[in-house]
Every structure is written in structure tokens, then in C-alpha cells.
file run.pdb (PDB, C-alpha atoms)
ATOM      1  CA  MET F1019      59.085 -70.923  50.639
ATOM      2  CA  ALA F1020      58.643 -74.335  52.228
ATOM      3  CA  THR F1021      55.877 -76.844  51.659
ATOM      4  CA  THR F1022      55.467 -79.728  54.091
ATOM      5  CA  VAL F1023      53.278 -82.662  53.127
ATOM      6  CA  ILE F1024      52.003 -85.044  55.835
ATOM      7  CA  SER F1025      50.200 -88.260  54.972
ATOM      8  CA  GLY F1026      46.973 -88.942  56.835
ATOM      9  CA  ALA F1027      46.249 -91.944  54.619
ATOM     10  CA  GLU F1028      45.990 -95.512  55.871
ATOM     11  CA  ARG F1029      48.238 -96.803  53.093
ATOM     12  CA  GLU F1030      51.118 -95.499  50.996
ATOM     13  CA  ILE F1031      50.211 -92.692  48.634
ATOM     14  CA  ALA F1032      52.053 -91.370  45.570
ATOM     15  CA  PHE F1033      51.517 -88.110  43.697
ATOM     16  CA  GLU F1034      53.335 -85.178  42.112
ATOM     17  CA  LEU F1035      53.668 -81.939  44.075
ATOM     18  CA  ALA F1036      53.735 -78.880  41.811
ATOM     19  CA  VAL F1037      54.497 -75.350  43.004
ATOM     20  CA  GLU F1038      54.058 -72.528  40.500
ATOM     21  CA  TRP F1039      55.575 -69.046  40.540
ATOM     22  CA  ASN F1040      54.664 -66.444  37.930
ATOM     23  CA  VAL F1041      57.202 -63.678  37.451
ATOM     24  CA  ASN F1042      57.536 -60.728  35.116
ATOM     25  CA  LEU F1043      60.988 -59.418  34.309
ATOM     26  CA  LEU F1044      60.036 -57.462  31.184
ATOM     27  CA  GLY F1045      61.058 -60.372  28.981
ATOM     28  CA  GLY F1046      58.564 -60.109  26.119
ATOM     29  CA  GLY F1047      59.724 -59.997  22.508
ATOM     30  CA  HIS F1048      62.792 -62.148  23.286
ATOM     31  CA  ASN F1049      64.334 -59.278  25.230
ATOM     32  CA  PRO F1050      68.007 -60.378  25.521
ATOM     33  CA  ALA F1051      68.352 -58.660  28.911
ATOM     34  CA  ALA F1052      65.678 -60.909  30.544
ATOM     35  CA  PHE F1053      66.868 -64.458  31.107
ATOM     36  CA  TYR F1054      66.797 -67.826  32.813
ATOM     37  CA  GLU F1055      70.286 -69.165  33.524
ATOM     38  CA  VAL F1056      71.098 -72.786  34.358
ATOM     39  CA  ALA F1057      74.232 -74.455  35.732
ATOM     40  CA  GLY F1058      77.172 -73.779  33.457
ATOM     41  CA  GLY F1059      75.954 -70.265  32.669
ATOM     42  CA  GLU F1060      73.747 -71.129  29.683
ATOM     43  CA  ARG F1061      71.076 -68.447  29.246
ATOM     44  CA  MET F1062      67.638 -68.763  27.721
ATOM     45  CA  CYS F1063      65.121 -66.023  26.876
ATOM     46  CA  HIS F1064      62.644 -65.314  29.650
ATOM     47  CA  ASP F1065      59.704 -65.627  27.245
ATOM     48  CA  ALA F1066      60.685 -68.977  25.709
ATOM     49  CA  PRO F1067      59.721 -72.385  27.118
ATOM     50  CA  GLY F1068      62.393 -74.559  28.706
ATOM     51  CA  GLY F1069      63.069 -77.060  31.407
ATOM     52  CA  LEU F1070      65.418 -79.255  33.386
ATOM     53  CA  SER F1071      64.723 -82.843  34.432
ATOM     54  CA  SER F1072      66.472 -82.335  37.780
ATOM     55  CA  ALA F1073      67.613 -79.037  39.259
ATOM     56  CA  THR F1074      68.843 -77.818  42.625
ATOM     57  CA  ALA F1075      69.162 -74.196  41.477
ATOM     58  CA  ILE F1076      68.197 -71.751  38.754
ATOM     59  CA  THR F1077      68.968 -68.077  38.244
ATOM     60  CA  PHE F1078      66.802 -65.554  36.450
ATOM     61  CA  GLY F1079      66.798 -61.813  36.058
ATOM     62  CA  ASN F1080      67.016 -58.793  33.829
ATOM     63  CA  ASP F1081      70.421 -57.213  33.161
ATOM     64  CA  PHE F1082      68.965 -53.906  31.996
ATOM     65  CA  GLU F1083      66.777 -53.561  35.100
ATOM     66  CA  GLY F1084      69.730 -54.588  37.276
ATOM     67  CA  ILE F1085      68.201 -57.587  39.066
ATOM     68  CA  ARG F1086      69.400 -61.163  39.487
ATOM     69  CA  ILE F1087      67.404 -63.780  41.434
ATOM     70  CA  GLU F1088      68.804 -67.121  42.513
ATOM     71  CA  ALA F1089      66.473 -69.951  43.470
ATOM     72  CA  ALA F1090      67.851 -72.793  45.622
ATOM     73  CA  ILE F1091      65.739 -75.971  45.426
ATOM     74  CA  GLU F1092      65.716 -78.802  48.006
ATOM     75  CA  PRO F1093      65.391 -81.623  47.150
ATOM     76  CA  ALA F1094      66.120 -81.447  43.420
ATOM     77  CA  ALA F1095      62.988 -80.812  41.364
ATOM     78  CA  ARG F1096      61.872 -81.197  37.796
ATOM     79  CA  LEU F1097      61.749 -77.616  36.568
ATOM     80  CA  THR F1098      59.829 -76.150  33.631
ATOM     81  CA  TRP F1099      59.165 -72.579  32.542
ATOM     82  CA  TYR F1100      57.030 -71.086  29.822
ATOM     83  CA  PRO F1101      55.565 -67.724  28.816
ATOM     84  CA  VAL F1102      52.226 -66.589  30.218
ATOM     85  CA  GLU F1103      50.305 -64.920  27.416
ATOM     86  CA  THR F1104      46.843 -63.513  26.853
ATOM     87  CA  VAL F1105      44.984 -63.195  23.579
ATOM     88  CA  SER F1106      43.116 -60.048  22.613
ATOM     89  CA  ASN F1107      41.143 -59.029  19.556
ATOM     90  CA  SER F1108      42.095 -55.689  18.024
ATOM     91  CA  GLU F1109      41.621 -53.918  14.710
ATOM     92  CA  SER F1110      44.501 -56.074  13.419
ATOM     93  CA  GLY F1111      42.851 -59.329  14.521
ATOM     94  CA  PHE F1112      43.898 -61.650  17.320
ATOM     95  CA  GLU F1113      47.137 -60.747  19.095
ATOM     96  CA  ARG F1114      49.146 -62.495  21.800
ATOM     97  CA  SER F1115      50.414 -60.338  24.644
ATOM     98  CA  TYR F1116      53.236 -61.464  26.907
ATOM     99  CA  GLN F1117      52.287 -61.174  30.600
ATOM    100  CA  GLY F1118      55.230 -62.880  32.303
ATOM    101  CA  SER F1119      56.806 -66.275  32.794
ATOM    102  CA  CYS F1120      55.608 -69.299  34.754
ATOM    103  CA  LEU F1121      58.269 -71.177  36.724
ATOM    104  CA  LEU F1122      57.002 -74.619  37.785
ATOM    105  CA  PHE F1123      58.766 -76.777  40.406
ATOM    106  CA  ARG F1124      57.660 -80.459  40.431
ATOM    107  CA  TRP F1125      58.547 -83.291  42.796
ATOM    108  CA  PRO F1126      57.414 -86.940  42.770
ATOM    109  CA  VAL F1127      56.179 -87.802  46.280
ATOM    110  CA  SER F1128      55.600 -91.192  47.945
ATOM    111  CA  LEU F1129      54.506 -91.205  51.574
ATOM    112  CA  ALA F1130      53.845 -94.023  54.024
ATOM    113  CA  PRO F1131      51.068 -93.499  56.594
ATOM    114  CA  GLY F1132      52.060 -90.680  58.962
ATOM    115  CA  GLU F1133      55.206 -89.807  56.975
ATOM    116  CA  ARG F1134      56.085 -86.169  56.259
ATOM    117  CA  ARG F1135      58.351 -84.508  53.698
ATOM    118  CA  THR F1136      59.365 -80.914  53.198
ATOM    119  CA  PHE F1137      60.172 -79.264  49.870
ATOM    120  CA  THR F1138      61.788 -75.833  49.750
ATOM    121  CA  VAL F1139      62.587 -73.124  47.244
ATOM    122  CA  GLY F1140      64.602 -70.220  48.589
ATOM    123  CA  PHE F1141      64.850 -67.001  46.603
ATOM    124  CA  ALA F1142      67.716 -64.515  46.944
ATOM    125  CA  ALA F1143      67.544 -61.293  44.931
ATOM    126  CA  ALA F1144      70.560 -59.098  44.314
ATOM    127  CA  PRO F1145      71.122 -55.901  42.375
ATOM    128  CA  VAL F1146      73.614 -56.082  39.524
ATOM    129  CA  ALA F1147      75.286 -53.401  37.461
ATOM    130  CA  ARG F1148      72.741 -52.158  34.956
ATOM    131  CA  SER F1149      73.665 -53.157  31.428
ATOM    132  CA  VAL F1150      72.945 -50.578  28.744
ATOM    133  CA  CYS F1151      73.121 -51.247  25.018
ATOM    134  CA  ARG F1152      74.981 -48.604  23.062
ATOM    135  CA  GLY F1153      74.816 -47.889  19.371
ATOM    136  CA  GLY F1154      77.791 -48.917  17.300
ATOM    137  CA  GLY F1155      77.436 -46.448  14.443
ATOM    138  CA  SER F1156      80.427 -44.835  12.778
TER     139      SER F1156
END

call {"tool": "encode", "arguments": {"input": "run.pdb", "output": "C-alpha cells"}}
result
Amino acid sequence: MATTVISGAEREIAFELAVEWNVNLLGGGHNPAAFYEVAGGERMCHDAPGGLSSATAITFGNDFEGIRIEAAIEPAARLTWYPVETVSNSESGFERSYQGSCLLFRWPVSLAPGERRTFTVGFAAAPVARSVCRGGGS
């Protein structure tokens, strides 16, 4: 995915470009198989908020479902993610339901008149060996 911004203004302009992707990798309930992974291999739950002030890559996936997605970001972006939830009213009262995760790429942009800049996020998905939890009873 590439986004090119071209200034048609008569003077310099400055703004923040934000590109949002919503994904669902069955990560509700702090499912340990669904994750975001940052440089260094640190993993965070797919349904918990997080972020990086500057990132050129992030990996996310679900070990149980056997999918791993790598996102390459150019230029580096401020990256935040958070759960997407809905609220419903049931016999038990109000309940939150996990719908997926929002992955938000943000870049500060300054453009002179006629200047253009391109921002890209490339996604590569790969199957991985499916991880299955086994009971440890005696």
C-alpha cells in the first residue's frame, strides 16, 4: 500500500498523515496465540493497546491459526494499535465484545508548494507451523 501526497498549496503546509488498518486475528480475551511482535522479538497481546514512537517494521499473527504477517514501513512511522470493541446490552447488562485490532501508521508531513512524498506499508503474509496447546496432566 502506497500513499503519495502532492501539495497544491501556495505556501508550505504541515499535517499528520494517518493510515488505519483494522485486522482480526482471533485475539480476544488475551489469546496468547494472537500477537504483535516488535524488533527484538517482544510480543504483546493482539487485544491490548500499544505503540512505538518510530518503527520501520512490525510483525503480527496468530500461532494457533498458523499465520504470520510482516509489515515493512517506509519511511519510519509512529505506530499505535488498540482493540476495536463494541458494546451491547444483554440480560447481564452492558458487555464489551472484541471485534479486532486497529493498527495506525502516522507520519508528520511538511510539504513545500508542488512537493510530493510517498509513504508505504508493505504486507507479507506467511504460513507458520500451527502451534497447539497440550494438557500437562499426570

call {"tool": "residues_around", "arguments": {"input": "run.pdb", "residues": "stretch 1039-1042 of chain F", "least_positions_apart": "6", "cutoff": "12 Å", "atoms": "all atoms listed in the file", "output": "ChimeraX atom specification"}}
result
/F:1019,1052-1054,1064-1065,1078-1080,1083,1085,1087,1089,1097-1103,1116-1124,1139,1141

call {"tool": "closest_residue", "arguments": {"input": "run.pdb", "among": "F:Ala1147, F:Ala1142, F:Leu1129, F:Val1105", "to": "F:Ala1027", "atoms": "all atoms listed in the file"}}
result
F:Leu1129

call {"tool": "closest_residue", "arguments": {"input": "run.pdb", "among": "F:Leu1043, F:Val1146, F:Leu1070, F:Ala1094", "to": "F:Val1056", "atoms": "all atoms listed in the file"}}
result
F:Leu1070

call {"tool": "atom_distance", "arguments": {"input": "run.pdb", "atom1": "atom CA of F:Glu1030", "atom2": "atom CA of F:Ser1128"}}
result
6.9 Å

call {"tool": "atom_distance", "arguments": {"input": "run.pdb", "atom1": "atom CA of F:Ala1036", "atom2": "atom CA of F:Phe1137"}}
result
10.3 Å

call {"tool": "axis_aligned_box", "arguments": {"input": "run.pdb", "around": "stretch 1022-1033 of chain F", "padding_each_side": "3 Å", "output": "JSON"}}
result
{"center_x": 50.7, "center_y": -88.3, "center_z": 50.3, "size_x": 15.5, "size_y": 23.1, "size_z": 19.1}

call {"tool": "atom_distance", "arguments": {"input": "run.pdb", "atom1": "atom CA of F:Val1127", "atom2": "atom CA of F:Ala1143"}}
result
28.9 Å

call {"tool": "resolve_selection", "arguments": {"input": "run.pdb", "expression": "the PyMOL selection byres ((chain F and resi 1133) around 9)", "output": "list in words"}}
result
Val1023, Ile1024, Ser1025, Gly1026, Leu1129, Ala1130, Pro1131, Gly1132, Arg1134 and Arg1135 of chain F

call {"tool": "closest_residue", "arguments": {"input": "run.pdb", "among": "F:Asp1081, F:Glu1092, F:Glu1034, F:Glu1109", "to": "F:Ala1020", "atoms": "all atoms listed in the file"}}
result
F:Glu1092

call {"tool": "closest_residue", "arguments": {"input": "run.pdb", "among": "F:Trp1125, F:Ser1115, F:Pro1050, F:Arg1086", "to": "F:Ala1073", "atoms": "only C-alpha atoms"}}
result
F:Trp1125

call {"tool": "closest_residue", "arguments": {"input": "run.pdb", "among": "F:Gly1058, F:Gly1140, F:Pro1145, F:Gly1046", "to": "F:Gly1084", "atoms": "only C-alpha atoms"}}
result
F:Pro1145
